[in-house]
Every structure is written in C-alpha cells, then in structure tokens.
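Peer 1: Sharing target15.csv here; it has CSV, C-alpha atoms and all ligand atoms.
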```csv
chain,number,residue,atom,x,y,z
D,30,MET,CA,135.0,174.9,101.9
D,31,LEU,CA,135.6,178.0,104.0
D,32,SER,CA,135.9,180.8,101.4
D,33,LYS,CA,135.9,180.6,97.6
D,34,GLY,CA,138.4,178.0,96.5
D,35,ARG,CA,140.1,177.8,99.9
D,36,TYR,CA,140.3,175.0,102.4
D,37,GLY,CA,141.9,176.8,105.3
D,38,LYS,CA,145.0,178.3,103.7
D,39,TYR,CA,145.1,175.6,101.0
D,40,GLY,CA,143.8,175.8,97.4
D,41,GLY,CA,143.4,179.1,95.5
D,42,GLN,CA,144.2,179.9,91.8
D,43,TYR,CA,147.9,180.3,91.2
D,44,VAL,CA,147.8,180.3,87.4
D,45,ASN,CA,148.8,182.3,84.3
D,46,GLU,CA,146.5,185.3,83.9
D,47,ILE,CA,145.1,183.9,80.7
D,48,LEU,CA,143.5,181.0,82.6
D,49,MET,CA,141.7,183.2,85.1
D,50,PRO,CA,138.6,183.9,82.9
D,51,VAL,CA,138.7,180.2,81.8
D,52,LEU,CA,138.5,179.1,85.4
D,53,LEU,CA,135.7,181.5,86.1
D,54,GLU,CA,133.7,180.2,83.1
D,55,LEU,CA,134.2,176.7,84.5
D,56,GLU,CA,133.1,177.7,87.9
D,57,GLU,CA,129.9,179.4,86.6
D,58,GLY,CA,129.2,176.4,84.3
D,59,PHE,CA,129.5,174.0,87.1
D,60,ASN,CA,127.3,176.1,89.5
D,61,LYS,CA,124.7,176.4,86.7
D,62,HIS,CA,124.5,173.0,85.2
D,63,CYS,CA,125.4,170.6,88.0
D,64,PRO,CA,122.4,171.3,90.2
D,65,MET,CA,119.9,171.0,87.3
D,66,PRO,CA,117.6,168.0,87.6
D,67,SER,CA,118.2,167.2,83.9
D,68,PHE,CA,122.0,167.1,84.5
D,69,GLN,CA,121.7,165.0,87.7
D,70,GLU,CA,119.3,162.6,86.0
D,71,GLU,CA,121.7,162.1,83.0
D,72,PHE,CA,124.6,161.7,85.4
D,73,THR,CA,122.8,159.2,87.6
D,74,THR,CA,121.6,157.2,84.7
D,75,LEU,CA,125.1,156.9,83.1
D,76,LEU,CA,126.6,156.0,86.5
D,77,ARG,CA,124.0,153.2,86.8
D,78,ASP,CA,123.6,151.8,83.3
D,79,TYR,CA,127.0,152.5,81.9
D,80,GLY,CA,129.2,152.5,85.0
D,81,GLY,CA,127.5,149.8,87.0
D,82,ARG,CA,126.5,151.8,90.1
D,83,PRO,CA,125.7,151.4,92.9
D,84,THR,CA,128.9,149.4,93.5
D,85,PRO,CA,128.4,146.7,96.2
D,86,LEU,CA,129.4,147.1,99.8
D,87,TYR,CA,130.9,143.7,100.5
D,88,TYR,CA,131.4,142.2,104.0
D,89,ALA,CA,134.8,140.6,103.8
D,90,ASN,CA,134.3,137.8,106.3
D,91,ASN,CA,137.6,136.0,106.0
D,92,PHE,CA,139.7,139.2,105.8
D,93,SER,CA,137.8,140.5,108.8
D,94,LYS,CA,138.8,137.5,110.8
D,95,SER,CA,142.5,138.0,109.9
D,96,VAL,CA,142.4,141.6,111.3
D,97,GLY,CA,139.9,141.2,114.1
D,98,CYS,CA,137.1,143.6,113.3
D,99,LYS,CA,134.1,143.8,110.9
D,100,ILE,CA,135.4,145.0,107.5
D,101,TYR,CA,133.4,146.1,104.5
D,102,LEU,CA,134.9,146.7,101.1
D,103,LYS,CA,133.3,149.5,99.0
D,104,ARG,CA,133.8,147.8,95.6
D,105,GLU,CA,134.9,150.6,93.3
D,106,ASP,CA,137.0,148.0,91.5
D,107,LEU,CA,133.6,146.9,90.0
D,108,LEU,CA,133.0,150.2,88.4
D,109,CYS,CA,133.4,150.1,84.6
D,110,GLY,CA,137.1,150.6,83.9
D,111,GLY,CA,138.2,149.0,87.1
D,112,SER,CA,138.5,152.0,89.5
D,113,HIS,CA,136.7,154.9,91.0
D,114,LYS,CA,138.0,157.3,88.2
D,115,LEU,CA,134.9,157.0,85.9
D,116,ASN,CA,132.6,158.8,88.4
D,117,ASN,CA,134.6,162.0,88.0
D,118,ALA,CA,135.3,161.5,84.3
D,119,LEU,CA,131.6,161.0,83.4
D,120,GLY,CA,130.6,164.0,85.5
D,121,GLN,CA,133.1,166.3,83.9
D,122,ALA,CA,132.4,165.0,80.4
D,123,LEU,CA,128.7,165.8,80.9
D,124,LEU,CA,129.6,169.2,82.2
D,125,ALA,CA,131.9,169.9,79.2
D,126,LYS,CA,129.0,168.9,76.9
D,127,ALA,CA,126.6,171.2,78.7
D,128,MET,CA,129.1,174.0,78.3
D,129,LYS,CA,129.2,173.3,74.6
D,130,LYS,CA,132.8,172.1,74.4
D,131,SER,CA,133.8,169.7,71.7
D,132,ARG,CA,137.1,168.3,73.1
D,133,LEU,CA,138.6,167.0,76.3
D,134,ILE,CA,142.3,167.2,77.2
D,135,THR,CA,143.9,165.5,80.2
D,136,GLU,CA,147.0,163.9,81.5
D,137,THR,CA,147.6,160.4,82.9
D,138,ALA,CA,150.3,158.5,84.6
D,139,ALA,CA,149.3,154.9,85.0
D,140,GLY,CA,146.7,155.4,82.3
D,141,GLN,CA,143.6,154.7,84.6
D,142,HIS,CA,142.5,158.3,84.4
D,143,GLY,CA,143.3,158.6,80.7
D,144,LEU,CA,141.2,155.5,80.1
D,145,ALA,CA,138.2,156.8,82.1
D,146,THR,CA,138.4,160.1,80.2
D,147,VAL,CA,138.3,158.6,76.7
D,148,MET,CA,135.5,156.3,77.8
D,149,ALA,CA,133.5,159.3,79.1
D,150,GLY,CA,134.5,161.4,76.1
D,151,ASN,CA,133.2,158.8,73.7
D,152,VAL,CA,129.9,158.4,75.6
D,153,CYS,CA,129.4,162.2,75.4
D,154,GLY,CA,130.6,162.6,71.8
D,155,LEU,CA,133.8,164.5,72.6
D,156,GLU,CA,137.3,164.2,71.1
D,157,THR,CA,139.9,163.2,73.6
D,158,ASP,CA,143.6,164.2,73.7
D,159,ILE,CA,145.8,162.8,76.4
D,160,PHE,CA,149.2,164.0,77.5
D,161,MET,CA,151.5,161.4,79.0
D,162,GLY,CA,155.1,161.5,80.1
D,163,VAL,CA,157.4,159.5,77.8
D,164,LYS,CA,158.6,157.4,80.7
D,165,ASP,CA,155.0,156.6,81.7
D,166,ILE,CA,154.2,155.6,78.0
D,167,GLU,CA,157.0,153.1,78.2
D,168,ARG,CA,155.9,151.7,81.6
D,169,GLN,CA,152.1,151.5,80.9
D,170,VAL,CA,152.0,149.7,77.6
D,171,SER,CA,148.7,147.9,78.0
D,172,ASN,CA,146.7,151.0,79.1
D,173,VAL,CA,148.3,153.0,76.2
D,174,LYS,CA,147.0,150.3,73.9
D,175,ARG,CA,143.5,150.5,75.4
D,176,MET,CA,143.4,154.3,75.1
D,177,LYS,CA,144.5,154.1,71.5
D,178,LEU,CA,141.9,151.5,70.6
D,179,LEU,CA,139.2,153.7,72.2
D,180,GLY,CA,140.3,156.5,69.9
D,181,ALA,CA,142.3,158.8,72.1
D,182,ASN,CA,145.1,160.9,70.7
D,183,ILE,CA,148.2,160.4,72.9
D,184,THR,CA,150.8,163.2,73.1
D,185,PRO,CA,154.1,162.2,74.6
D,186,VAL,CA,155.5,164.7,77.1
D,187,THR,CA,159.3,165.1,77.0
D,188,SER,CA,159.7,168.2,79.2
D,189,GLY,CA,161.1,167.9,82.7
D,190,SER,CA,161.5,164.3,83.8
D,191,GLY,CA,158.8,163.0,81.3
D,192,ILE,CA,156.4,162.0,84.1
D,193,LEU,CA,153.0,163.0,85.5
D,194,LYS,CA,153.9,166.3,87.1
D,195,ASP,CA,155.4,167.4,83.7
D,196,ALA,CA,152.3,166.2,81.8
D,197,VAL,CA,150.1,168.2,84.1
D,198,SER,CA,152.1,171.4,83.5
D,199,ASP,CA,152.0,170.8,79.7
D,200,THR,CA,148.2,170.1,79.8
D,201,LEU,CA,147.6,173.4,81.7
D,202,ARG,CA,149.8,175.2,79.1
D,203,GLU,CA,147.9,173.6,76.2
D,204,TRP,CA,144.6,174.6,77.8
D,205,THR,CA,145.5,178.3,77.6
D,206,THR,CA,145.6,178.0,73.8
D,207,CYS,CA,142.3,176.1,73.3
D,208,SER,CA,139.9,176.7,76.2
D,209,ARG,CA,137.1,178.0,74.0
D,210,THR,CA,136.5,174.6,72.5
D,211,THR,CA,138.2,172.4,75.1
D,212,HIS,CA,137.6,171.2,78.7
D,213,TYR,CA,140.6,170.1,80.8
D,214,LEU,CA,139.2,167.0,82.6
D,215,MET,CA,141.2,167.1,85.8
D,216,GLY,CA,141.7,163.6,87.2
D,217,SER,CA,141.9,164.2,91.0
D,218,THR,CA,141.1,166.7,93.7
D,219,VAL,CA,144.0,168.9,92.7
D,220,GLY,CA,144.7,171.9,90.5
D,221,PRO,CA,143.3,175.5,90.7
D,222,HIS,CA,139.8,176.2,92.0
D,223,PRO,CA,137.2,175.1,91.0
D,224,PHE,CA,138.7,171.7,90.1
D,225,PRO,CA,139.2,170.3,93.6
D,226,GLU,CA,135.5,171.1,94.4
D,227,ILE,CA,134.2,169.7,91.1
D,228,VAL,CA,136.1,166.4,91.4
D,229,SER,CA,135.2,165.9,95.0
D,230,THR,CA,131.5,166.6,94.3
D,231,PHE,CA,131.4,164.0,91.5
D,232,GLN,CA,133.2,161.4,93.6
D,233,SER,CA,131.0,161.9,96.6
D,234,VAL,CA,128.5,159.4,95.1
D,235,ILE,CA,130.8,156.8,96.8
D,236,GLY,CA,130.2,158.1,100.3
D,237,GLU,CA,126.5,158.6,99.7
D,238,GLU,CA,126.2,155.0,98.8
D,239,ILE,CA,128.4,153.8,101.7
D,240,LYS,CA,126.0,155.7,104.1
D,241,GLU,CA,122.9,154.0,102.7
D,242,GLN,CA,124.4,150.6,102.4
D,243,VAL,CA,126.1,150.4,105.8
D,244,LEU,CA,122.9,151.6,107.5
D,245,ALA,CA,120.9,148.9,105.7
D,246,LYS,CA,123.4,146.2,106.7
D,247,GLU,CA,124.5,147.2,110.2
D,248,GLY,CA,121.7,149.6,111.3
D,249,LYS,CA,124.4,152.2,112.1
D,250,LEU,CA,127.1,154.4,110.5
D,251,PRO,CA,130.6,153.0,110.3
D,252,ASP,CA,133.2,153.6,113.1
D,253,ALA,CA,136.0,154.2,110.6
D,254,ILE,CA,136.6,154.7,106.9
D,255,LEU,CA,140.0,154.1,105.3
D,256,ALA,CA,141.1,155.2,101.8
D,257,CYS,CA,144.4,155.3,100.0
D,258,GLY,CA,145.3,158.4,98.0
D,259,SER,CA,147.5,160.9,96.4
D,260,GLY,CA,145.5,163.9,95.1
D,261,GLY,CA,142.6,162.6,97.4
D,262,SER,CA,139.7,162.0,95.0
D,263,ASN,CA,138.6,158.5,96.1
D,264,ALA,CA,139.2,159.4,99.8
D,265,LEU,CA,137.2,162.6,99.7
D,266,GLY,CA,134.5,160.9,97.7
D,267,ALA,CA,134.2,158.3,100.5
D,268,PHE,CA,134.7,160.8,103.4
D,269,ARG,CA,132.5,163.7,102.3
D,270,PRO,CA,129.2,162.8,103.7
D,271,PHE,CA,130.8,161.8,107.1
D,272,ILE,CA,133.2,164.8,107.6
D,273,ASN,CA,130.8,166.6,110.0
D,274,ASN,CA,130.2,163.5,112.1
D,275,LYS,CA,133.2,163.6,114.4
D,276,ASN,CA,132.6,160.1,115.8
D,277,ILE,CA,133.6,158.5,112.5
D,278,ARG,CA,137.4,158.1,112.2
D,279,LEU,CA,138.8,158.8,108.8
D,280,TYR,CA,142.2,157.4,107.6
D,281,PHE,CA,144.1,158.6,104.5
D,282,ILE,CA,146.9,156.2,103.5
D,283,GLU,CA,149.6,157.5,101.2
D,284,GLY,CA,152.5,155.7,99.5
D,285,GLY,CA,155.4,155.2,101.9
D,286,GLY,CA,157.6,153.9,99.1
D,287,GLU,CA,160.7,152.0,100.0
D,288,ASN,CA,161.5,153.9,103.2
D,289,LEU,CA,160.9,157.4,104.7
D,290,ASN,CA,163.8,158.9,102.9
D,291,ALA,CA,162.5,161.7,100.7
D,292,ASP,CA,164.2,160.2,97.6
D,293,ASN,CA,162.4,156.9,98.1
D,294,SER,CA,158.9,157.8,99.2
D,295,ALA,CA,155.6,159.4,98.3
D,296,ALA,CA,154.7,160.1,102.0
D,297,VAL,CA,154.0,163.8,101.3
D,298,PHE,CA,152.2,164.5,104.6
D,299,LYS,CA,155.3,163.1,106.4
D,300,LEU,CA,158.0,164.6,104.3
D,301,GLY,CA,156.5,167.6,102.5
D,302,ARG,CA,155.5,171.1,103.4
D,303,PRO,CA,153.0,173.7,102.0
D,304,GLY,CA,153.9,174.9,98.5
D,305,ILE,CA,152.4,175.7,95.2
D,306,LEU,CA,152.0,173.0,92.6
D,307,HIS,CA,149.8,173.0,89.5
D,308,GLY,CA,147.9,176.1,90.4
D,309,ALA,CA,147.1,175.5,94.1
D,310,LEU,CA,148.7,175.8,97.5
D,311,MET,CA,148.9,172.3,99.0
D,312,GLN,CA,151.3,169.9,100.8
D,313,VAL,CA,154.1,169.3,98.4
D,314,LEU,CA,157.4,167.3,98.4
D,315,GLN,CA,160.1,169.8,97.8
D,316,ASP,CA,163.8,170.4,98.4
D,317,GLU,CA,165.2,173.2,100.6
D,318,ASP,CA,164.9,175.7,97.7
D,319,GLY,CA,161.3,174.9,97.1
D,320,GLN,CA,162.0,172.9,93.9
D,321,ILE,CA,159.4,170.1,93.5
D,322,LYS,CA,160.9,166.7,94.3
D,323,PRO,CA,159.6,163.7,92.4
D,324,SER,CA,157.8,161.2,94.6
D,325,ARG,CA,158.5,157.4,94.6
D,326,THR,CA,156.3,154.5,95.1
D,327,ARG,CA,155.6,151.3,93.2
D,328,ALA,CA,151.9,152.3,93.0
D,329,SER,CA,151.9,154.6,90.0
D,330,GLY,CA,148.5,156.0,90.9
D,331,LEU,CA,149.9,157.3,94.2
D,332,ASN,CA,153.1,158.7,92.6
D,333,TYR,CA,152.3,162.4,92.7
D,334,PRO,CA,154.3,164.9,94.8
D,335,GLY,CA,151.3,166.9,96.0
D,336,ARG,CA,148.2,166.4,98.2
D,337,GLY,CA,145.1,168.2,97.1
D,338,PRO,CA,144.0,171.3,99.1
D,339,GLU,CA,140.9,169.7,100.8
D,340,ILE,CA,142.7,166.6,102.0
D,341,SER,CA,145.8,168.8,103.0
D,342,PHE,CA,143.4,170.9,105.1
D,343,LEU,CA,141.5,168.0,106.7
D,344,CYS,CA,144.8,166.2,107.7
D,345,GLU,CA,146.3,169.4,109.1
D,346,MET,CA,143.1,170.0,111.2
D,347,GLY,CA,143.4,166.5,112.5
D,348,ARG,CA,140.0,165.5,111.1
D,349,VAL,CA,141.6,162.9,108.9
D,350,LYS,CA,144.5,160.9,110.1
D,351,SER,CA,147.3,160.8,107.6
D,352,CYS,CA,149.1,157.4,107.4
D,353,TYR,CA,151.4,155.6,105.0
D,354,ALA,CA,152.3,152.0,104.1
D,355,PHE,CA,155.6,150.8,102.7
D,356,ASP,CA,155.9,149.0,99.4
D,357,ASN,CA,156.8,145.7,100.9
D,358,GLU,CA,153.8,145.9,103.3
D,359,VAL,CA,151.6,146.7,100.3
D,360,PHE,CA,152.7,143.7,98.3
D,361,ASN,CA,152.1,141.5,101.4
D,362,ALA,CA,148.6,143.0,101.7
D,363,VAL,CA,147.9,142.1,98.0
D,364,LYS,CA,148.8,138.5,98.8
D,365,ILE,CA,146.6,138.4,101.9
D,366,MET,CA,143.6,139.9,100.1
D,367,CYS,CA,144.1,137.4,97.2
D,368,LYS,CA,144.3,134.5,99.7
D,369,THR,CA,141.5,135.5,102.1
D,370,GLU,CA,138.9,136.9,99.6
D,371,GLY,CA,140.0,135.8,96.2
D,372,LEU,CA,140.3,139.5,95.2
D,373,LEU,CA,143.3,141.1,93.5
D,374,PRO,CA,143.4,144.7,94.6
D,375,ALA,CA,145.2,147.6,92.8
D,376,LEU,CA,148.6,148.4,94.4
D,377,GLU,CA,147.1,151.8,95.4
D,378,THR,CA,144.1,150.1,97.2
D,379,ALA,CA,146.4,147.7,98.9
D,380,HIS,CA,147.9,150.6,100.9
D,381,ALA,CA,144.6,150.9,102.9
D,382,ILE,CA,144.5,147.1,103.4
D,383,ALA,CA,148.1,147.1,104.6
D,384,TYR,CA,147.3,149.8,107.1
D,385,LEU,CA,144.6,147.7,108.7
D,386,LEU,CA,146.8,144.6,108.7
D,387,ASN,CA,149.7,146.5,110.4
D,388,HIS,CA,147.5,148.4,113.0
D,389,PRO,CA,144.8,146.0,114.2
D,390,GLU,CA,145.1,147.5,117.7
D,391,GLU,CA,143.4,150.7,116.4
D,392,PHE,CA,140.2,148.9,115.4
D,393,GLY,CA,137.9,147.3,118.0
D,394,GLU,CA,136.4,143.8,117.6
D,395,GLU,CA,132.9,145.1,117.4
D,396,GLU,CA,133.7,148.1,115.2
D,397,VAL,CA,132.4,148.4,111.7
D,398,ILE,CA,135.2,149.5,109.3
D,399,VAL,CA,134.8,150.5,105.6
D,400,VAL,CA,137.7,150.3,103.2
D,401,ASN,CA,137.2,152.2,100.0
D,402,TYR,CA,138.4,149.5,97.7
D,403,SER,CA,139.4,151.9,94.9
D,404,GLY,CA,140.5,149.6,92.1
D,405,ARG,CA,141.4,146.2,90.8
D,406,GLY,CA,144.9,145.0,90.3
D,407,ASP,CA,144.9,143.7,86.7
D,408,LYS,CA,146.9,146.7,85.6
D,409,ASP,CA,149.6,145.7,88.1
D,410,LEU,CA,150.1,142.1,87.0
D,411,GLU,CA,153.6,142.7,85.5
D,412,THR,CA,154.8,144.5,88.6
D,413,LEU,CA,153.3,141.9,90.9
D,414,MET,CA,154.8,138.9,89.0
D,415,ARG,CA,158.2,140.6,89.0
D,416,TYR,CA,158.1,141.2,92.7
D,417,PHE,CA,156.9,137.8,93.8
D,418,TYR,CA,158.6,135.5,91.3
D,419,GLU,CA,161.8,137.3,90.0
D,420,SER,CA,163.4,138.7,93.1
M,501,LIG,C1,144.3,157.0,90.6
M,501,LIG,C2,144.0,156.0,91.7
M,501,LIG,C3,144.2,156.3,93.1
M,501,LIG,C4,144.7,157.6,93.6
M,501,LIG,O1,144.0,158.8,93.2
M,501,LIG,P1,143.2,159.7,94.2
M,501,LIG,O2,142.7,160.8,93.4
M,501,LIG,O3,144.0,160.1,95.4
M,501,LIG,O4,142.0,158.8,94.6
M,501,LIG,C5,143.9,155.3,94.0
M,501,LIG,N1,143.5,154.1,93.7
M,501,LIG,C6,143.3,153.8,92.4
M,501,LIG,C7,142.8,152.4,92.0
M,501,LIG,C8,143.6,154.7,91.3
M,501,LIG,O5,143.4,154.3,90.0
```
Do you think you could lay out the structure here as structure tokens?
Ligand SMILES: *Cc1c(COP(=O)(O)O)cnc(C)c1O
Peer 2:
Amino acid sequence: MLSKGRYGKYGGQYVNEILMPVLLELEEGFNKHCPMPSFQEEFTTLLRDYGGRPTPLYYANNFSKSVGCKIYLKREDLLCGGSHKLNNALGQALLAKAMKKSRLITETAAGQHGLATVMAGNVCGLETDIFMGVKDIERQVSNVKRMKLLGANITPVTSGSGILKDAVSDTLREWTTCSRTTHYLMGSTVGPHPFPEIVSTFQSVIGEEIKEQVLAKEGKLPDAILACGSGGSNALGAFRPFINNKNIRLYFIEGGGENLNADNSAAVFKLGRPGILHGALMQVLQDEDGQIKPSRTRASGLNYPGRGPEISFLCEMGRVKSCYAFDNEVFNAVKIMCKTEGLLPALETAHAIAYLLNHPEEFGEEEVIVVNYSGRGDKDLETLMRYFYES
C-alpha cells in the first residue's frame, strides 16, 4: 500500500459521509486488535482446529504430466466450508467481537461467503443477517438452505437487477443505520478502505503456508503462482508474501464468460476501465456513460463487475499478469481435473486450471507451479450436470 487506503490511484473511500467515522473506527479497531498476540493466537487456533489449517500443498502428479511441468495445488477446498472464504470470515468475526459488536451483516451471491459468515458469526456468538439478490436466492437453493439451518436471517434484495452488486449497495446502506452494534463483514478485497487491506491481511495465511510448504518439498520458492478471482481475495492471499520477489510470476485468471463481448463476459481487466464501485476506485465494467454493466460468467463467485483496488494496481503495474478463461474451457478443465486427480474443483477454481491447460508453453518442464485451488465443486453440481448431460 502506497498511501492510506490507496494502491496507486486505486482504492480510497467514496462513501456517504455518515460512513466516514464508521470506517475510521474500523481502521483503528483493526490496527489495534489485529497485531495483539491474544488476537493472533485466537485466530490461529480457530483456523487450525475449526477450519482445518494448514491446508495441504498437494503435488498433482497426473495433472502435472498432462500439462508438462510440476504442479502443486494449494488445497483451500479442504478448508471447512469448502473454499478459502472462511479465513477472512473468521478474522473479521473475531475483530467484530473485539470491537464489541453484536451482529454481522453481509451480502452473498453464490452463498459461499454468506455461509462462511454465519459459521464465523456463530463461533464468535454474533447474530448474522445476509442480504441476497432475489435472483441469486432462486439460483442458489442449497446454500440458502444451509445458511438458514445455521441460523442466518436472509433478506431478499429486489433493488436494481436483484443480484450481487445490488445486494452490496443495500448492505452498505443498511450499515449506515446500525454501525454502532453491527460489523459489515466484507467478503472480498473490495469496498472502501480499510476493507481491502483487512481482507487481504486475513487471507495472506494462504501464501505464508505456500511459502513454507513449497520450501519443504522443493527446497526453493515457486516459479509461478496462479489464482482465479473477481474481487481478488484468494489471489492476493496467495500472492502477498511473494509480491516483492520479482522472479516469481503471478497470474490472475478472471471469468471470460462465453466470449469477449462485454454483454457475455466478466473479463473486467480486458473490457473495463477505472471507475467507482462500492466505495472505491477500481477497474469496473461500465458502459460509455459510466453506468455499471453486469458481468456474465457461469462461475457465480467470479460474477462481479469490479476488480479490487490492490489487484487492479498490481495488474496495471504489470506485476501480476491478468488472464481469462472462457466458460467452455473451464468446463473442460473441470473434467480433466476430475479424470486426472479425482478432484471436483469449483467452477471458479477451474479458471486457473484452464489457463494452465491452454498455455502450457508459458511453463517450463522443470518449473514449480502452484495453483491456488480455491474451492470444491459440490456447489456447482447442478450447473455441471446440465452442461455435460443436457446440452
Ligand atoms: C468467492 C470465490 C472466488 C472469488 O473470490 P475472490 O475474492 O476473487 O477470491 C474464487 N473461488 C471460489 C471457490 C470462491 O468461492
């Protein structure tokens, strides 16, 4: 971070004035509590005994052969809940508790972040309210059921197009009315400062583990790390400890959707430009008048029209290579991972796998590559069955 809340020109706090003192309180709370040994110990213990950390770094022998380099998978799919999202949810729930809040609010699209939030909320003794677009509620029946069983209150969002970007706007609005008792548990490295910094800090446990594990297995740091993403939280979590080491190539793979027409894609780095969304300046899909355009991809976790400020900056600088994979390539990658390793990846995760499969020439035979395997595909069963057996 270059100056407070800015990554190059990106980031900042473009919010309603009422939220300014709330964001300051959050920043001060984070700076005070997060470095405390008691906080770190509680966080580490929960990540280990509740979440299942450290997650393994798995050498994917068969898959490596099919690409032609040495590929390790960082198994975030084995974290409790089935994706990397719990790292951040536990960190922020502990922070909310330390700041004497009694309630969490958040939004969710596929339901993965909503699920992680209610899990973390329950562990920390906090009420959880989740805002969810009406369209997403219809599409994500099984995660809605899970969240309800765990005791979350779910508020349907009908404004705008009834999808994630509208739910984020509604949650920010709700927060202005209840911030004294309530923490907004932001799900990715997006939103106004200090959210991007908080989320990326709590997720960087992924990269710290990668560093230790790959050194133990290979006696050297990796040559390249790949991660899928939209807001950027699993990617930044994996990249953070390696950003200053310029020899390590970093790849960020976004949702190409059906094709590179802005109406059919979520390739924001290809099709977007800088703009303000949800309180921060970042790369955003927008029309000529600056109206936000909805993104499109079959991977609901990548279906967000903005890229967080830190990943926007790193890609603009050329430190991280921004890439994309199309939906059909992603489904093919799922099939190959199933066949070679017996693992069913999340559609989001399969974007990183598809990139490797489509660009083997970028990776040398002796190179050590790490894929941040962000989640498991159980949530995508319906979509996968329809794609493979009904079309
Ligand atoms: C939510 C999600 C993502 C995308 O979110 P980021 O904040 O960009 O990491 C990627 N993979 C999985 C499995 C997810 O659930």
Peer 1: Leaving out D:Glu237 and any residue of its chain fewer than 6 positions from it, which residues lie within 12 Å of it when counting only C-alpha atoms, given as JSON, numbers by chain?
Peer 2: {"D": [82, 83, 84, 86, 103, 230, 231, 243, 244, 250, 265, 266, 267, 268, 269, 270, 271]}
Peer 1: Counting all atoms listed in the file, which protein, DNA or RNA residues come within 9 Å of ligand LIG 501 (chain M), given as a PyMOL selection string?
Peer 2: chain D and resi 105-106+111-114+138-142+216-219+228+256-266+283+328-332+336-337+374-379+402-406
Peer 1: Counting all atoms listed in the file, what is within 10 Å of D:Leu300, bar same-chain residues fewer than 5 positions away, as a PyMOL selection string?
Peer 2: chain D and resi 289-291+294-295+312-315
Peer 1: Show me, as a VMD selection string, the residues that have an atom within 6 Å of D:Tyr101 when counting all atoms listed in the file, minus same-chain residues fewer than 2 positions from it.
Peer 2: chain D and resid 87 to 89 399
Peer 1: Go ahead and compute the interatomic distance for atom CA of D:Ser198 and atom CA of D:Pro303, in Å to one decimal.
Peer 2: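 Atom CA of D:Pro303 lies at a distance of 18.7 Å from atom CA of D:Ser198.
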Peer 1: List as a list in words the residues having at least one atom at most 8 Å from position (152.0, 161.8, 73.4) as given in the file, counting all atoms listed in the file.
Peer 2: Ile159, Phe160, Met161, Gly162, Val163, Asn182, Ile183, Thr184, Pro185 and Val186 of chain D
Peer 1: D:Tyr416, D:Tyr39, D:Phe342, D:Phe298: which is nearest D:Asn361, counting all atoms listed in the file?
Peer 2: D:Tyr416
Peer 1: Could you tell me how far atom CA of D:Gly308 sits from atom CA of D:Pro225, in Å to one decimal place?
Peer 2: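 Atom CA of D:Gly308 lies 10.9 Å from atom CA of D:Pro225.
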Peer 1: Calculate how many Å separate atom CA of D:Gly285 from atom CA of D:Ala354, rounding to one decimal.
Peer 2: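 Atom-to-atom, atom CA of D:Gly285 and atom CA of D:Ala354 are spaced 5.0 Å apart.
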Peer 1: Excluding D:Phe360 and its own-chain neighbours fewer than 2 positions away, which residues fall within 9 Å of it when counting only C-alpha atoms? Please give them as a PyMOL selection string.
Peer 2: chain D and resi 355-358+362-365+376+379-380+383+413+416-417
Peer 1: Restricting it to C-alpha atoms, dump the selection as an mmCIF file, in the coordinates of the input.
Peer 2:
```
data_model
loop_
_atom_site.group_PDB
_atom_site.id
_atom_site.type_symbol
_atom_site.label_atom_id
_atom_site.label_comp_id
_atom_site.auth_asym_id
_atom_site.auth_seq_id
_atom_site.Cartn_x
_atom_site.Cartn_y
_atom_site.Cartn_z
ATOM 1 C CA PHE D 355 155.600 150.800 102.700
ATOM 2 C CA ASP D 356 155.900 149.000 99.400
ATOM 3 C CA ASN D 357 156.800 145.700 100.900
ATOM 4 C CA GLU D 358 153.800 145.900 103.300
ATOM 5 C CA ALA D 362 148.600 143.000 101.700
ATOM 6 C CA VAL D 363 147.900 142.100 98.000
ATOM 7 C CA LYS D 364 148.800 138.500 98.800
ATOM 8 C CA ILE D 365 146.600 138.400 101.900
ATOM 9 C CA LEU D 376 148.600 148.400 94.400
ATOM 10 C CA ALA D 379 146.400 147.700 98.900
ATOM 11 C CA HIS D 380 147.900 150.600 100.900
ATOM 12 C CA ALA D 383 148.100 147.100 104.600
ATOM 13 C CA LEU D 413 153.300 141.900 90.900
ATOM 14 C CA TYR D 416 158.100 141.200 92.700
ATOM 15 C CA PHE D 417 156.900 137.800 93.800
#
```
Peer 1: Write out as a list in words the residues lying within 12 Å of D:Leu53, counting only C-alpha atoms and excluding same-chain residues fewer than 3 positions away.
Peer 2: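 Contacts, with the query itself left out: Lys33, Gly34, Gln42, Glu46, Ile47, Leu48, Met49, Pro50, Glu56, Glu57, Gly58, Phe59, Asn60, Ser208, Pro221, His222, Pro223 and Phe224 of chain D.
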Peer 1: Using all atoms listed in the file, which residue out of D:Val397, D:Met366, D:Val51, D:Leu76 lies closest to D:Lys246?
Peer 2: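 Among the listed residues, the smallest separation from D:Lys246 belongs to D:Val397.
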Peer 1: Using only C-alpha atoms, which of D:Tyr213, D:Asn45, D:Gly120, D:Val400 sits nearest D:Glu156?
Peer 2: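 Using only C-alpha atoms, the shortest distance to D:Glu156 belongs to D:Tyr213.
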Peer 1: Using all atoms listed in the file, can you tell me which of D:Asn401, D:Val96, D:Val44, D:Lys249 comes closest to D:Trp204?
Peer 2: D:Val44
Peer 1: Given 4 Å of margin on each side, can you work out the centre and size in Å (one decimal) of an axis-aligned box holding every listed atom of stretch 207-212 of chain D, as lines of an AutoDock Vina configuration file?
Peer 2:
```
center_x = 139.4
center_y = 174.6
center_z = 75.6
size_x = 13.8
size_y = 14.8
size_z = 14.2
```
